[in-house]
file work.txt (compact mmCIF, C-alpha atoms)
# COMPACT_ATOMS: atom_id res chain seq x y z
CA MET A 46 12.38 9.84 -20.30
CA LEU A 47 13.39 8.59 -16.87
CA LYS A 48 11.18 5.52 -17.18
CA LYS A 49 13.05 4.44 -20.33
CA ALA A 50 16.37 5.01 -18.64
CA LEU A 51 15.30 2.76 -15.76
CA ALA A 52 14.03 0.14 -18.18
CA ASN A 53 17.32 0.19 -20.06
CA ILE A 54 19.38 -0.10 -16.88
CA PHE A 55 17.47 -3.11 -15.63
CA SER A 56 17.25 -4.72 -19.09
CA LYS A 57 21.03 -4.97 -19.56
CA SER A 58 22.54 -8.43 -19.32
CA GLY A 59 19.09 -9.97 -19.68
CA ARG A 60 17.73 -8.41 -16.50
CA GLY A 61 14.46 -7.45 -18.14
CA LYS A 62 13.67 -11.13 -18.32
CA SER A 63 12.39 -13.25 -15.50
CA SER A 64 14.86 -14.28 -12.82
CA ALA A 65 12.57 -17.10 -11.75
CA ALA A 66 12.85 -20.59 -13.16
CA ALA A 67 11.16 -20.40 -16.55
CA PRO A 68 8.51 -22.91 -17.59
CA PRO A 69 8.26 -24.09 -21.20
CA PRO A 70 7.95 -21.16 -23.65
CA ALA A 71 4.25 -21.83 -24.25
CA ALA A 72 3.57 -21.11 -20.60
CA LEU A 73 5.14 -17.67 -21.00
CA GLN A 74 2.76 -16.53 -23.71
CA ALA A 75 1.61 -12.97 -23.11
CA ALA A 76 -1.97 -13.90 -23.84
CA PRO A 77 -3.85 -16.86 -25.34
CA GLY A 78 -2.57 -17.39 -28.85
CA GLU A 79 0.20 -14.76 -28.65
CA ALA A 80 3.63 -16.35 -29.00
CA ILE A 81 6.81 -14.88 -27.58
CA PRO A 82 9.10 -13.67 -30.41
CA GLU A 83 12.34 -15.51 -31.06
CA GLY A 84 15.04 -14.35 -28.68
CA GLY A 85 12.76 -14.25 -25.66
CA ARG A 86 11.47 -10.69 -25.98
CA ASN A 87 7.89 -10.14 -25.02
CA GLU A 88 6.84 -6.78 -26.43
CA ALA A 89 3.40 -6.97 -24.82
CA ALA A 90 5.02 -7.46 -21.41
CA GLU A 91 7.40 -4.57 -22.07
CA ASP A 92 4.51 -2.31 -23.05
CA TRP A 93 2.73 -3.23 -19.83
CA ARG A 94 5.90 -2.61 -17.82
CA ASP A 95 6.14 0.84 -19.37
CA SER A 96 2.49 1.57 -18.56
CA ILE A 97 3.17 0.71 -14.91
CA LEU A 98 6.18 3.03 -14.93
CA GLU A 99 4.11 5.86 -16.37
CA ARG A 100 1.52 5.40 -13.62
CA PHE A 101 4.36 5.14 -11.10
CA TYR A 102 5.54 8.65 -11.94
CA GLN A 103 1.99 9.99 -12.02
CA CYS A 104 1.28 8.55 -8.56
CA MET A 105 4.52 9.95 -7.15
CA HIS A 106 3.05 13.45 -7.45
CA ARG A 107 -0.19 12.52 -5.70
CA HIS A 108 -0.55 12.22 -1.92
CA GLU A 109 -3.30 9.98 -0.55
CA SER A 110 -4.93 10.85 2.78
CA ASP A 111 -6.73 8.51 5.21
CA ASN A 112 -4.90 5.59 3.63
CA PHE A 113 -2.98 4.10 6.59
CA ASP A 114 -4.24 1.28 8.83
CA ALA A 115 -3.06 2.36 12.27
CA GLU A 116 -4.67 -0.69 13.90
CA ARG A 117 -2.73 -3.17 11.80
CA PHE A 118 0.53 -1.20 11.92
CA ALA A 119 0.34 0.19 15.44
CA GLY A 120 3.49 2.01 16.47
CA GLN A 121 4.53 2.93 12.94
CA ASP A 122 4.65 6.57 11.91
CA ALA A 123 2.19 6.98 9.04
CA GLY A 124 4.01 10.08 7.86
CA VAL A 125 7.37 8.41 7.28
CA PHE A 126 8.04 6.85 3.89
CA GLN A 127 9.71 3.51 4.63
CA ILE A 128 11.97 3.36 1.61
CA GLY A 129 13.52 -0.10 2.05
CA SER A 130 10.60 -2.26 0.86
CA PRO A 131 9.71 -0.08 -2.15
CA VAL A 132 13.33 -0.13 -3.37
CA LYS A 133 13.46 -3.93 -3.11
CA TYR A 134 10.15 -4.24 -4.91
CA LEU A 135 11.26 -1.92 -7.71
CA LYS A 136 14.17 -4.29 -8.39
CA PHE A 137 11.84 -7.27 -8.15
CA PHE A 138 9.43 -5.69 -10.61
CA PHE A 139 12.11 -5.10 -13.25
CA PHE A 140 13.58 -8.57 -12.84
CA ASN A 141 10.17 -10.32 -12.97
CA PHE A 142 7.85 -8.17 -15.07
CA VAL A 143 7.49 -10.91 -17.70
CA ASP A 144 6.29 -13.36 -15.04
CA LEU A 145 3.95 -10.76 -13.59
CA PHE A 146 2.56 -10.02 -17.04
CA GLU A 147 2.04 -13.72 -17.69
CA ALA A 148 0.00 -13.99 -14.48
CA ARG A 149 -1.94 -10.85 -15.30
CA SER A 150 -2.78 -12.27 -18.74
CA ARG A 151 -4.26 -15.36 -17.12
CA LEU A 152 -6.68 -13.39 -14.95
CA ALA A 153 -10.21 -13.80 -16.27
CA ASP A 154 -11.64 -10.29 -15.84
CA THR A 155 -10.58 -6.67 -16.16
CA ASP A 156 -11.25 -5.95 -12.47
CA SER A 157 -8.67 -8.55 -11.47
CA LYS A 158 -6.07 -7.15 -13.87
CA ASP A 159 -6.68 -3.59 -12.69
CA LEU A 160 -6.37 -4.73 -9.07
CA LEU A 161 -3.04 -6.43 -9.74
CA ASP A 162 -1.76 -3.20 -11.29
CA ARG A 163 -2.82 -1.21 -8.20
CA LEU A 164 -1.23 -3.74 -5.86
CA ILE A 165 2.07 -3.51 -7.74
CA LEU A 166 1.94 0.28 -7.60
CA PHE A 167 1.12 0.15 -3.89
CA ARG A 168 4.16 -2.00 -3.24
CA LEU A 169 6.27 0.47 -5.22
CA LEU A 170 4.94 3.63 -3.56
CA SER A 171 3.14 2.61 -0.34
CA HIS A 172 0.08 4.17 1.28
CA HIS A 173 1.48 7.65 0.72
CA HIS A 174 0.71 7.62 -3.00
CA VAL A 175 -1.60 4.70 -3.93
CA LYS A 176 -5.03 3.56 -2.79
CA VAL A 177 -5.63 -0.18 -3.16
CA LEU A 178 -9.33 -0.26 -2.35
CA GLU A 179 -11.70 1.71 -4.54
CA ALA A 180 -14.32 1.91 -1.74
CA PRO A 181 -12.39 2.27 1.54
CA VAL A 182 -15.32 4.00 3.29
CA GLU A 183 -17.35 0.78 3.27
CA HIS A 184 -14.34 -1.17 4.48
CA TRP A 185 -13.95 1.10 7.50
CA ARG A 186 -17.69 1.06 8.20
CA LEU A 187 -17.62 -2.73 8.50
CA ARG A 188 -14.46 -2.63 10.60
CA GLU A 189 -16.21 -0.29 13.05
CA GLN A 190 -19.35 -2.42 13.02
CA ALA A 191 -17.28 -5.43 14.05
CA LYS A 192 -16.15 -3.57 17.19
CA SER A 193 -19.77 -3.03 18.19
CA PHE A 194 -20.15 -6.79 18.75
CA GLN A 195 -17.40 -6.94 21.39
CA LEU A 196 -18.49 -8.01 24.87
CA GLY A 197 -15.14 -7.71 26.64
CA ASN A 198 -11.48 -8.79 26.58
CA THR A 199 -9.96 -12.23 27.09
CA GLY A 200 -6.70 -11.02 28.64
CA GLU A 201 -4.64 -12.49 25.81
CA LYS A 202 -2.47 -10.33 23.56
CA GLY A 203 -0.94 -10.67 20.12
CA VAL A 204 0.32 -8.64 17.19
CA LEU A 205 -3.00 -6.76 16.91
CA GLY A 206 -3.34 -6.14 20.64
CA GLN A 207 -5.84 -7.54 23.14
CA LEU A 208 -8.13 -10.34 22.05
CA GLY A 209 -11.78 -9.66 22.64
CA SER A 210 -14.93 -11.73 23.14
CA PHE A 211 -17.62 -11.21 20.50
CA GLU A 212 -21.18 -12.26 19.75
CA LEU A 213 -22.87 -11.46 16.44
CA PRO A 214 -25.56 -12.63 14.03
CA PHE A 215 -24.53 -14.62 10.96
CA GLU A 216 -26.64 -16.41 8.34
CA GLY A 217 -29.68 -16.58 10.59
CA GLY A 218 -27.80 -17.84 13.65
CA ARG A 219 -25.45 -16.39 16.23
CA ILE A 220 -21.69 -16.74 16.50
CA ARG A 221 -19.70 -16.41 19.71
CA MET A 222 -15.94 -16.21 19.48
CA ASP A 223 -12.72 -14.89 20.95
CA GLY A 224 -10.34 -13.06 18.63
CA TRP A 225 -9.78 -9.62 17.18
CA ALA A 226 -12.36 -7.27 15.71
CA MET A 227 -10.44 -7.73 12.44
CA ASN A 228 -11.31 -11.46 12.48
CA VAL A 229 -14.98 -10.64 12.98
CA ALA A 230 -14.96 -8.06 10.20
CA MET A 231 -13.17 -10.25 7.66
CA SER A 232 -14.95 -13.55 8.29
CA PHE A 233 -18.50 -12.42 9.00
CA LEU A 234 -19.01 -8.92 7.56
CA ILE A 235 -16.60 -8.26 4.68
CA GLY A 236 -16.82 -11.84 3.41
CA GLN A 237 -13.20 -12.69 2.78
CA TYR A 238 -13.03 -16.01 0.88
CA TYR A 239 -16.57 -15.45 -0.47
CA PHE A 240 -16.01 -14.12 -3.98
CA GLU A 241 -18.89 -12.70 -6.04
CA ARG A 242 -18.39 -10.36 -8.98
CA GLY A 243 -19.84 -9.97 -12.45
CA GLY A 244 -22.03 -13.04 -12.17
CA VAL A 245 -19.15 -15.22 -10.96
CA ALA A 246 -19.33 -16.80 -7.48
CA ILE A 247 -16.44 -18.74 -5.97
CA LYS A 248 -17.33 -19.38 -2.36
CA PRO A 249 -18.41 -22.08 0.09
CA ARG A 250 -21.77 -23.74 -0.58
CA PRO A 251 -24.22 -25.91 1.38
CA GLY A 252 -22.93 -29.48 1.60
CA ASP A 253 -19.32 -28.56 0.83
CA TYR A 254 -16.32 -30.32 2.33
CA LEU A 255 -13.82 -27.51 2.88
CA ILE A 256 -10.15 -27.13 3.75
CA ASP A 257 -9.32 -24.16 6.00
CA ALA A 258 -5.52 -24.09 5.99
CA GLY A 259 -4.24 -21.46 8.39
CA ALA A 260 -7.37 -21.48 10.55
CA CYS A 261 -5.90 -19.39 13.40
CA PHE A 262 -8.73 -18.79 15.92
CA GLY A 263 -11.33 -20.70 13.89
CA ASP A 264 -13.42 -17.71 12.80
CA THR A 265 -13.21 -18.65 9.11
CA ALA A 266 -13.94 -22.29 9.98
CA LEU A 267 -17.08 -21.21 11.87
CA ALA A 268 -18.25 -19.12 8.90
CA PHE A 269 -17.57 -22.02 6.53
CA ALA A 270 -19.38 -24.49 8.80
CA SER A 271 -22.42 -22.23 8.92
CA THR A 272 -22.54 -21.93 5.13
CA ALA A 273 -21.84 -25.63 4.51
CA GLY A 274 -24.68 -26.67 6.79
CA ALA A 275 -25.36 -29.98 8.48
CA ASP A 276 -24.26 -31.97 5.41
CA GLY A 277 -20.94 -30.15 5.11
CA ARG A 278 -17.58 -30.58 6.80
CA VAL A 279 -14.66 -28.22 7.52
CA TYR A 280 -11.10 -29.48 8.00
CA ALA A 281 -9.31 -26.71 9.92
CA PHE A 282 -5.48 -26.74 10.03
CA ASP A 283 -3.23 -24.76 12.37
CA MET A 284 0.04 -25.81 13.95
CA VAL A 285 0.45 -23.07 16.59
CA PRO A 286 -0.60 -24.51 19.98
CA THR A 287 -2.00 -21.22 21.31
CA HIS A 288 -4.11 -20.73 18.19
CA CYS A 289 -5.47 -24.27 18.51
CA ARG A 290 -6.30 -23.69 22.17
CA ILE A 291 -8.28 -20.55 21.33
CA MET A 292 -9.94 -22.34 18.40
CA ARG A 293 -11.08 -25.18 20.65
CA ARG A 294 -12.57 -22.60 23.01
CA ASN A 295 -14.42 -21.01 20.09
CA LEU A 296 -15.71 -24.39 18.97
CA ASP A 297 -16.97 -25.07 22.50
CA MET A 298 -18.95 -21.82 22.36
CA ASN A 299 -20.61 -22.90 19.07
CA PRO A 300 -21.46 -26.59 19.56
CA ALA A 301 -23.82 -26.87 16.59
CA LEU A 302 -21.13 -25.62 14.22
CA ALA A 303 -18.33 -27.45 16.04
CA SER A 304 -19.88 -30.78 15.10
CA ARG A 305 -19.09 -29.96 11.46
CA ILE A 306 -15.46 -28.97 12.07
CA THR A 307 -12.42 -31.25 12.37
CA LEU A 308 -9.43 -29.46 13.94
CA LEU A 309 -6.08 -30.79 12.74
CA SER A 310 -3.18 -29.45 14.83
CA CYS A 311 -0.63 -29.48 12.02
CA GLY A 312 0.44 -27.48 9.02
CA VAL A 313 -0.01 -28.35 5.34
CA SER A 314 2.92 -28.97 3.03
CA ALA A 315 4.24 -30.89 0.01
CA VAL A 316 5.69 -33.55 2.33
CA ASP A 317 4.67 -35.33 5.52
CA ARG A 318 7.03 -34.47 8.38
CA ASN A 319 7.06 -34.96 12.14
CA ILE A 320 3.76 -36.87 12.12
CA GLY A 321 2.35 -37.02 15.65
CA MET A 322 5.04 -34.68 16.96
CA THR A 323 4.26 -32.26 19.78
CA PRO A 324 5.32 -28.80 18.53
CA ALA A 325 8.78 -27.92 19.78
CA GLU A 326 7.76 -24.34 20.52
CA ASP A 327 4.67 -22.21 21.05
CA ILE A 328 4.98 -18.69 19.65
CA GLY A 329 1.79 -17.52 21.35
CA VAL A 330 -0.75 -15.42 19.45
CA ASN A 331 0.91 -14.54 16.13
CA PRO A 332 -0.92 -15.42 12.90
CA ALA A 333 1.76 -13.68 10.81
CA ALA A 334 4.68 -15.78 12.09
CA HIS A 335 6.92 -17.68 9.68
CA LEU A 336 7.49 -21.01 11.39
CA ASP A 337 10.32 -23.53 11.20
CA PHE A 338 8.68 -26.68 9.85
CA ASP A 339 11.33 -28.79 11.59
CA LYS A 340 9.65 -27.89 14.87
CA TYR A 341 6.05 -28.69 13.89
CA PRO A 342 4.04 -31.54 12.36
CA VAL A 343 3.03 -30.93 8.74
CA ARG A 344 0.92 -33.09 6.43
CA ARG A 345 0.11 -33.44 2.75
CA ILE A 346 -3.59 -32.96 2.06
CA ASP A 347 -3.32 -35.90 -0.36
CA SER A 348 -1.95 -38.13 2.42
CA LEU A 349 -4.90 -37.25 4.65
CA VAL A 350 -7.26 -38.12 1.81
CA GLU A 351 -5.49 -41.46 1.30
CA GLU A 352 -5.76 -42.18 5.03
CA GLY A 353 -9.48 -41.35 5.08
CA VAL A 354 -9.07 -38.39 7.43
CA VAL A 355 -10.32 -36.04 4.69
CA ALA A 356 -13.29 -37.54 2.85
CA ARG A 357 -13.35 -35.22 -0.15
CA VAL A 358 -12.42 -31.66 -1.10
CA ASP A 359 -14.86 -29.17 -2.64
CA PHE A 360 -13.22 -25.90 -1.57
CA ILE A 361 -9.71 -25.00 -0.39
CA LYS A 362 -8.84 -21.82 1.48
CA MET A 363 -5.17 -21.23 2.28
CA ASP A 364 -3.50 -18.46 4.27
CA VAL A 365 -0.29 -20.10 5.47
CA GLU A 366 2.28 -17.30 5.49
CA GLY A 367 4.03 -17.96 2.20
CA SER A 368 3.76 -21.77 2.15
CA GLU A 369 0.71 -21.79 -0.12
CA LEU A 370 2.49 -23.11 -3.22
CA ASP A 371 4.16 -25.85 -1.20
CA ALA A 372 0.82 -26.83 0.32
CA LEU A 373 -0.89 -26.88 -3.09
CA CYS A 374 1.81 -29.24 -4.37
CA GLY A 375 0.87 -31.56 -1.51
CA ALA A 376 -2.74 -31.48 -2.71
CA GLU A 377 -2.13 -32.14 -6.42
CA ALA A 378 -3.96 -35.49 -6.50
CA SER A 379 -6.94 -33.90 -4.77
CA LEU A 380 -6.90 -30.99 -7.21
CA ARG A 381 -6.92 -33.42 -10.13
CA ARG A 382 -9.59 -35.66 -8.59
CA TRP A 383 -12.14 -33.05 -7.45
CA ARG A 384 -11.05 -29.75 -9.04
CA PRO A 385 -12.16 -27.86 -5.94
CA ARG A 386 -12.87 -24.14 -5.88
CA LEU A 387 -9.87 -22.27 -4.49
CA ALA A 388 -9.28 -19.19 -2.35
CA ILE A 389 -5.51 -18.86 -1.97
CA SER A 390 -3.63 -16.01 -0.29
CA ILE A 391 -0.93 -14.65 -2.61
CA TYR A 392 0.51 -11.67 -0.72
CA HIS A 393 3.17 -13.16 1.55
CA ARG A 394 5.97 -13.47 -1.04
CA PRO A 395 6.40 -11.18 -4.05
CA GLU A 396 6.64 -14.15 -6.41
CA ASP A 397 3.28 -15.50 -5.22
CA TYR A 398 1.61 -13.08 -7.62
CA PHE A 399 2.75 -15.31 -10.48
CA SER A 400 4.08 -18.63 -9.12
CA ILE A 401 0.75 -19.96 -7.84
CA ILE A 402 -1.17 -19.06 -11.00
CA ARG A 403 1.59 -20.66 -13.06
CA TYR A 404 1.51 -23.88 -11.05
CA LEU A 405 -2.26 -24.23 -11.25
CA SER A 406 -2.20 -23.43 -14.98
CA MET A 407 0.46 -26.08 -15.63
CA LEU A 408 -1.86 -28.70 -14.10
CA ALA A 409 -4.19 -28.02 -17.07
CA LEU A 410 -7.37 -28.50 -15.02
CA GLY A 411 -9.31 -25.68 -16.65
CA TYR A 412 -9.08 -23.22 -13.79
CA ARG A 413 -10.11 -19.61 -14.39
CA PHE A 414 -8.55 -17.04 -12.10
CA TYR A 415 -9.86 -13.96 -10.31
CA LEU A 416 -8.26 -11.61 -7.82
CA ASP A 417 -9.72 -9.76 -4.85
CA HIS A 418 -8.29 -7.79 -1.95
CA TYR A 419 -9.60 -7.04 1.54
CA THR A 420 -7.53 -4.28 3.19
CA ILE A 421 -6.28 -0.78 2.44
CA HIS A 422 -2.68 -2.04 2.62
CA GLY A 423 -0.72 -4.80 0.91
CA GLU A 424 -2.01 -7.77 2.91
CA GLU A 425 -5.01 -10.02 2.30
CA THR A 426 -4.88 -10.51 -1.46
CA VAL A 427 -6.77 -13.66 -2.45
CA LEU A 428 -6.54 -15.60 -5.70
CA TYR A 429 -9.83 -17.31 -6.53
CA ALA A 430 -9.99 -20.17 -9.00
CA SER A 431 -12.74 -22.33 -10.39
CA ALA A 432 -12.72 -25.07 -13.01
CA GLU A 433 -16.51 -25.16 -13.26
CA ALA A 434 -18.45 -24.00 -16.28
CA GLY A 435 -19.67 -20.50 -15.50
CA GLU A 436 -17.66 -20.42 -12.24
CA SER A 437 -20.85 -20.31 -10.22
call {"tool": "encode", "arguments": {"input": "work.txt", "output": "structure tokens"}}
result
Amino acid sequence: MLKKALANIFSKSGRGKSSAAAPPPAALQAAPGEAIPEGGRNEAAEDWRDSILERFYQCMHRHESDNFDAERFAGQDAGVFQIGSPVKYLKFFFFNFVDLFEARSRLADTDSKDLLDRLILFRLLSHHHVKVLEAPVEHWRLREQAKSFQLGNTGEKGVLGQLGSFELPFEGGRIRMDGWAMNVAMSFLIGQYYFERGGVAIKPRPGDYLIDAGACFGDTALAFASTAGADGRVYAFDMVPTHCRIMRRNLDMNPALASRITLLSCGVSAVDRNIGMTPAEDIGVNPAAHLDFDKYPVRRIDSLVEEGVVARVDFIKMDVEGSELDALCGAEASLRRWRPRLAISIYHRPEDYFSIIRYLSMLALGYRFYLDHYTIHGEETVLYASAEAGES
């Protein structure tokens, strides 16, 4: 079969094994209690790889309709198969399937494992052949509902077009904010970063002290501040000057919630750099930008705790364009001290699917992991983690 031929090609010279730096053998176990055979082969991982390949060929012969987000990818032709990224990801998959299988084995429920499989297949075959969301109709309904709350435009533009002004109900109050309809949908309607499934809840709670790393316009910070209540606190991080300016405007429009939010105009990292520095450039409105940390101030969360800027940490949300692992390393003491609930984006770099779970597992803090996803494309995958009994 063709799938076996591909597997053989990529397995020669050890290529079926991980190309990433390998942790101790115990960390590469396929599942709890299942040791890797001598010689490094992982038959369970190979069986899973083959199952993905079988589904790959099945999906190739199926065409999915209404599966392209023209708002997010404006200007792209939905009918053209962009072959470059799938080819790169096919190579990545063969080189790293053991690592991916390790991460999959650490996920705590079947829904998370099935989702990871679909995400891998989507990256291999794109929107033409794979649906990520099982209920896209509800997703689009909420996206359209978000637009109904728009009052007008701000005159500012970014990667998703004109920013609008919105007003909407949320948790018994009202939120006013400038941003995109996508921000409104994700933060206030769809409930990104509020995980509930199968009796497990990993989300902000009343009284929480929360980190919002990658706060952008402050919509997530406003949602968190509402949920945390008067006894809670949100520490919102963003190092793009234009984002911070819009966030301050949004805080001014919501004074009751603003009193619970501390805006920190810096990034988060494993090291402290350029403390107090004025950013050397302003990229405008672009949440998806990959920034040069030499041009911006960045801080360790642990340093801010030591300095008393951050009082405690109950919940950490991170969406920092591929710097999530680096930022978590800069919060290791806080993770060990408080074992906060986590909502970490893992879609920016292919290796994020396994590197972040591996790091958190190696800390041995008792975290259990769940996966959720919030778009019909490959962005907005969130890893949830809780070290609490019952994860509630």
call {"tool": "closest_residue", "arguments": {"input": "work.txt", "among": "A:Ala281, A:Asn112, A:Ser271, A:Phe414", "to": "Val182 (chain A)", "atoms": "only C-alpha atoms"}}
result
A:Asn112
call {"tool": "atom_distance", "arguments": {"input": "work.txt", "atom1": "CA of Arg278 (chain A)", "atom2": "CA of Ala153 (chain A)"}}
result
29.5 Å
call {"tool": "closest_residue", "arguments": {"input": "work.txt", "among": "A:Phe338, A:Phe139, A:Phe118, A:Phe146", "to": "Arg403 (chain A)", "atoms": "all atoms listed in the file"}}
result
A:Phe146
call {"tool": "atom_distance", "arguments": {"input": "work.txt", "atom1": "CA of Arg221 (chain A)", "atom2": "CA of Arg294 (chain A)"}}
result
10.0 Å
call {"tool": "closest_residue", "arguments": {"input": "work.txt", "among": "A:Asn87, A:Ser171, A:Asp359, A:Leu145", "to": "Phe101 (chain A)", "atoms": "only C-alpha atoms"}}
result
A:Ser171
call {"tool": "residues_near_point", "arguments": {"input": "work.txt", "point": "(-1.3, -13.1, -15.7)", "cutoff": "12 Å", "atoms": "all atoms listed in the file", "output": "PDB file with C-alpha atoms, keeping the file's coordinate frame"}}
result
ATOM      1  CA  ALA A  72       3.570 -21.110 -20.600  1.00  0.00           C
ATOM      2  CA  LEU A  73       5.140 -17.670 -21.000  1.00  0.00           C
ATOM      3  CA  GLN A  74       2.760 -16.530 -23.710  1.00  0.00           C
ATOM      4  CA  ALA A  75       1.610 -12.970 -23.110  1.00  0.00           C
ATOM      5  CA  ALA A  76      -1.970 -13.900 -23.840  1.00  0.00           C
ATOM      6  CA  PRO A  77      -3.850 -16.860 -25.340  1.00  0.00           C
ATOM      7  CA  ALA A  89       3.400  -6.970 -24.820  1.00  0.00           C
ATOM      8  CA  ALA A  90       5.020  -7.460 -21.410  1.00  0.00           C
ATOM      9  CA  TRP A  93       2.730  -3.230 -19.830  1.00  0.00           C
ATOM     10  CA  PHE A 142       7.850  -8.170 -15.070  1.00  0.00           C
ATOM     11  CA  VAL A 143       7.490 -10.910 -17.700  1.00  0.00           C
ATOM     12  CA  ASP A 144       6.290 -13.360 -15.040  1.00  0.00           C
ATOM     13  CA  LEU A 145       3.950 -10.760 -13.590  1.00  0.00           C
ATOM     14  CA  PHE A 146       2.560 -10.020 -17.040  1.00  0.00           C
ATOM     15  CA  GLU A 147       2.040 -13.720 -17.690  1.00  0.00           C
ATOM     16  CA  ALA A 148       0.000 -13.990 -14.480  1.00  0.00           C
ATOM     17  CA  ARG A 149      -1.940 -10.850 -15.300  1.00  0.00           C
ATOM     18  CA  SER A 150      -2.780 -12.270 -18.740  1.00  0.00           C
ATOM     19  CA  ARG A 151      -4.260 -15.360 -17.120  1.00  0.00           C
ATOM     20  CA  LEU A 152      -6.680 -13.390 -14.950  1.00  0.00           C
ATOM     21  CA  ALA A 153     -10.210 -13.800 -16.270  1.00  0.00           C
ATOM     22  CA  ASP A 154     -11.640 -10.290 -15.840  1.00  0.00           C
ATOM     23  CA  THR A 155     -10.580  -6.670 -16.160  1.00  0.00           C
ATOM     24  CA  SER A 157      -8.670  -8.550 -11.470  1.00  0.00           C
ATOM     25  CA  LYS A 158      -6.070  -7.150 -13.870  1.00  0.00           C
ATOM     26  CA  ASP A 159      -6.680  -3.590 -12.690  1.00  0.00           C
ATOM     27  CA  LEU A 160      -6.370  -4.730  -9.070  1.00  0.00           C
ATOM     28  CA  LEU A 161      -3.040  -6.430  -9.740  1.00  0.00           C
ATOM     29  CA  ASP A 162      -1.760  -3.200 -11.290  1.00  0.00           C
ATOM     30  CA  ASP A 397       3.280 -15.500  -5.220  1.00  0.00           C
ATOM     31  CA  TYR A 398       1.610 -13.080  -7.620  1.00  0.00           C
ATOM     32  CA  PHE A 399       2.750 -15.310 -10.480  1.00  0.00           C
ATOM     33  CA  SER A 400       4.080 -18.630  -9.120  1.00  0.00           C
ATOM     34  CA  ILE A 401       0.750 -19.960  -7.840  1.00  0.00           C
ATOM     35  CA  ILE A 402      -1.170 -19.060 -11.000  1.00  0.00           C
ATOM     36  CA  ARG A 403       1.590 -20.660 -13.060  1.00  0.00           C
ATOM     37  CA  SER A 406      -2.200 -23.430 -14.980  1.00  0.00           C
ATOM     38  CA  ARG A 413     -10.110 -19.610 -14.390  1.00  0.00           C
ATOM     39  CA  PHE A 414      -8.550 -17.040 -12.100  1.00  0.00           C
ATOM     40  CA  TYR A 415      -9.860 -13.960 -10.310  1.00  0.00           C
ATOM     41  CA  LEU A 416      -8.260 -11.610  -7.820  1.00  0.00           C
ATOM     42  CA  LEU A 428      -6.540 -15.600  -5.700  1.00  0.00           C
TER      43      LEU A 428
END
call {"tool": "atom_distance", "arguments": {"input": "work.txt", "atom1": "CA of Arg382 (chain A)", "atom2": "CA of Gly321 (chain A)"}}
result
27.1 Å
call {"tool": "closest_residue", "arguments": {"input": "work.txt", "among": "A:Gly259, A:His418, A:Phe126, A:Glu212", "to": "Ala180 (chain A)", "atoms": "only C-alpha atoms"}}
result
A:His418
call {"tool": "closest_residue", "arguments": {"input": "work.txt", "among": "A:Thr287, A:Gln127, A:Gln103, A:Ser390", "to": "Arg168 (chain A)", "atoms": "all atoms listed in the file"}}
result
A:Gln127
call {"tool": "residues_around", "arguments": {"input": "work.txt", "residues": "Leu255 (chain A)", "least_positions_apart": "5", "cutoff": "6 Å", "atoms": "all atoms listed in the file", "output": "tab-separated table (two decimals) with C-alpha atoms, keeping the file's coordinate frame"}}
result
chain	number	residue	atom	x	y	z
A	279	VAL	CA	-14.66	-28.22	7.52
A	358	VAL	CA	-12.42	-31.66	-1.10
A	359	ASP	CA	-14.86	-29.17	-2.64
A	360	PHE	CA	-13.22	-25.90	-1.57
A	361	ILE	CA	-9.71	-25.00	-0.39
call {"tool": "decode", "arguments": {"input": "work.txt", "residues": "region 151-160 of chain A", "atoms": "N, CA and C atoms", "output": "PDB file, in the first residue's frame"}}
result
ATOM      1  N   ARG A 151      -1.132  11.634  26.443  1.00  0.00           N
ATOM      2  CA  ARG A 151      -1.270  12.374  27.702  1.00  0.00           C
ATOM      3  C   ARG A 151      -2.595  13.127  27.799  1.00  0.00           C
ATOM      4  N   LEU A 152      -3.342  13.228  26.724  1.00  0.00           N
ATOM      5  CA  LEU A 152      -4.630  13.900  26.773  1.00  0.00           C
ATOM      6  C   LEU A 152      -5.613  13.058  27.572  1.00  0.00           C
ATOM      7  N   ALA A 153      -6.451  13.715  28.375  1.00  0.00           N
ATOM      8  CA  ALA A 153      -7.212  13.006  29.396  1.00  0.00           C
ATOM      9  C   ALA A 153      -8.548  12.455  28.919  1.00  0.00           C
ATOM     10  N   ASP A 154      -9.023  12.857  27.723  1.00  0.00           N
ATOM     11  CA  ASP A 154     -10.308  12.323  27.276  1.00  0.00           C
ATOM     12  C   ASP A 154     -10.264  12.014  25.778  1.00  0.00           C
ATOM     13  N   THR A 155     -11.205  11.184  25.362  1.00  0.00           N
ATOM     14  CA  THR A 155     -11.264  10.753  23.968  1.00  0.00           C
ATOM     15  C   THR A 155     -11.547  11.920  23.037  1.00  0.00           C
ATOM     16  N   ASP A 156     -12.385  12.867  23.466  1.00  0.00           N
ATOM     17  CA  ASP A 156     -12.696  14.015  22.613  1.00  0.00           C
ATOM     18  C   ASP A 156     -11.434  14.798  22.260  1.00  0.00           C
ATOM     19  N   SER A 157     -10.545  14.959  23.222  1.00  0.00           N
ATOM     20  CA  SER A 157      -9.290  15.675  22.965  1.00  0.00           C
ATOM     21  C   SER A 157      -8.423  14.924  21.971  1.00  0.00           C
ATOM     22  N   LYS A 158      -8.336  13.616  22.128  1.00  0.00           N
ATOM     23  CA  LYS A 158      -7.523  12.803  21.215  1.00  0.00           C
ATOM     24  C   LYS A 158      -8.094  12.834  19.802  1.00  0.00           C
ATOM     25  N   ASP A 159      -9.416  12.715  19.699  1.00  0.00           N
ATOM     26  CA  ASP A 159     -10.046  12.761  18.381  1.00  0.00           C
ATOM     27  C   ASP A 159      -9.834  14.122  17.719  1.00  0.00           C
ATOM     28  N   LEU A 160      -9.895  15.184  18.518  1.00  0.00           N
ATOM     29  CA  LEU A 160      -9.675  16.525  17.987  1.00  0.00           C
ATOM     30  C   LEU A 160      -8.254  16.671  17.469  1.00  0.00           C
TER      31      LEU A 160
END
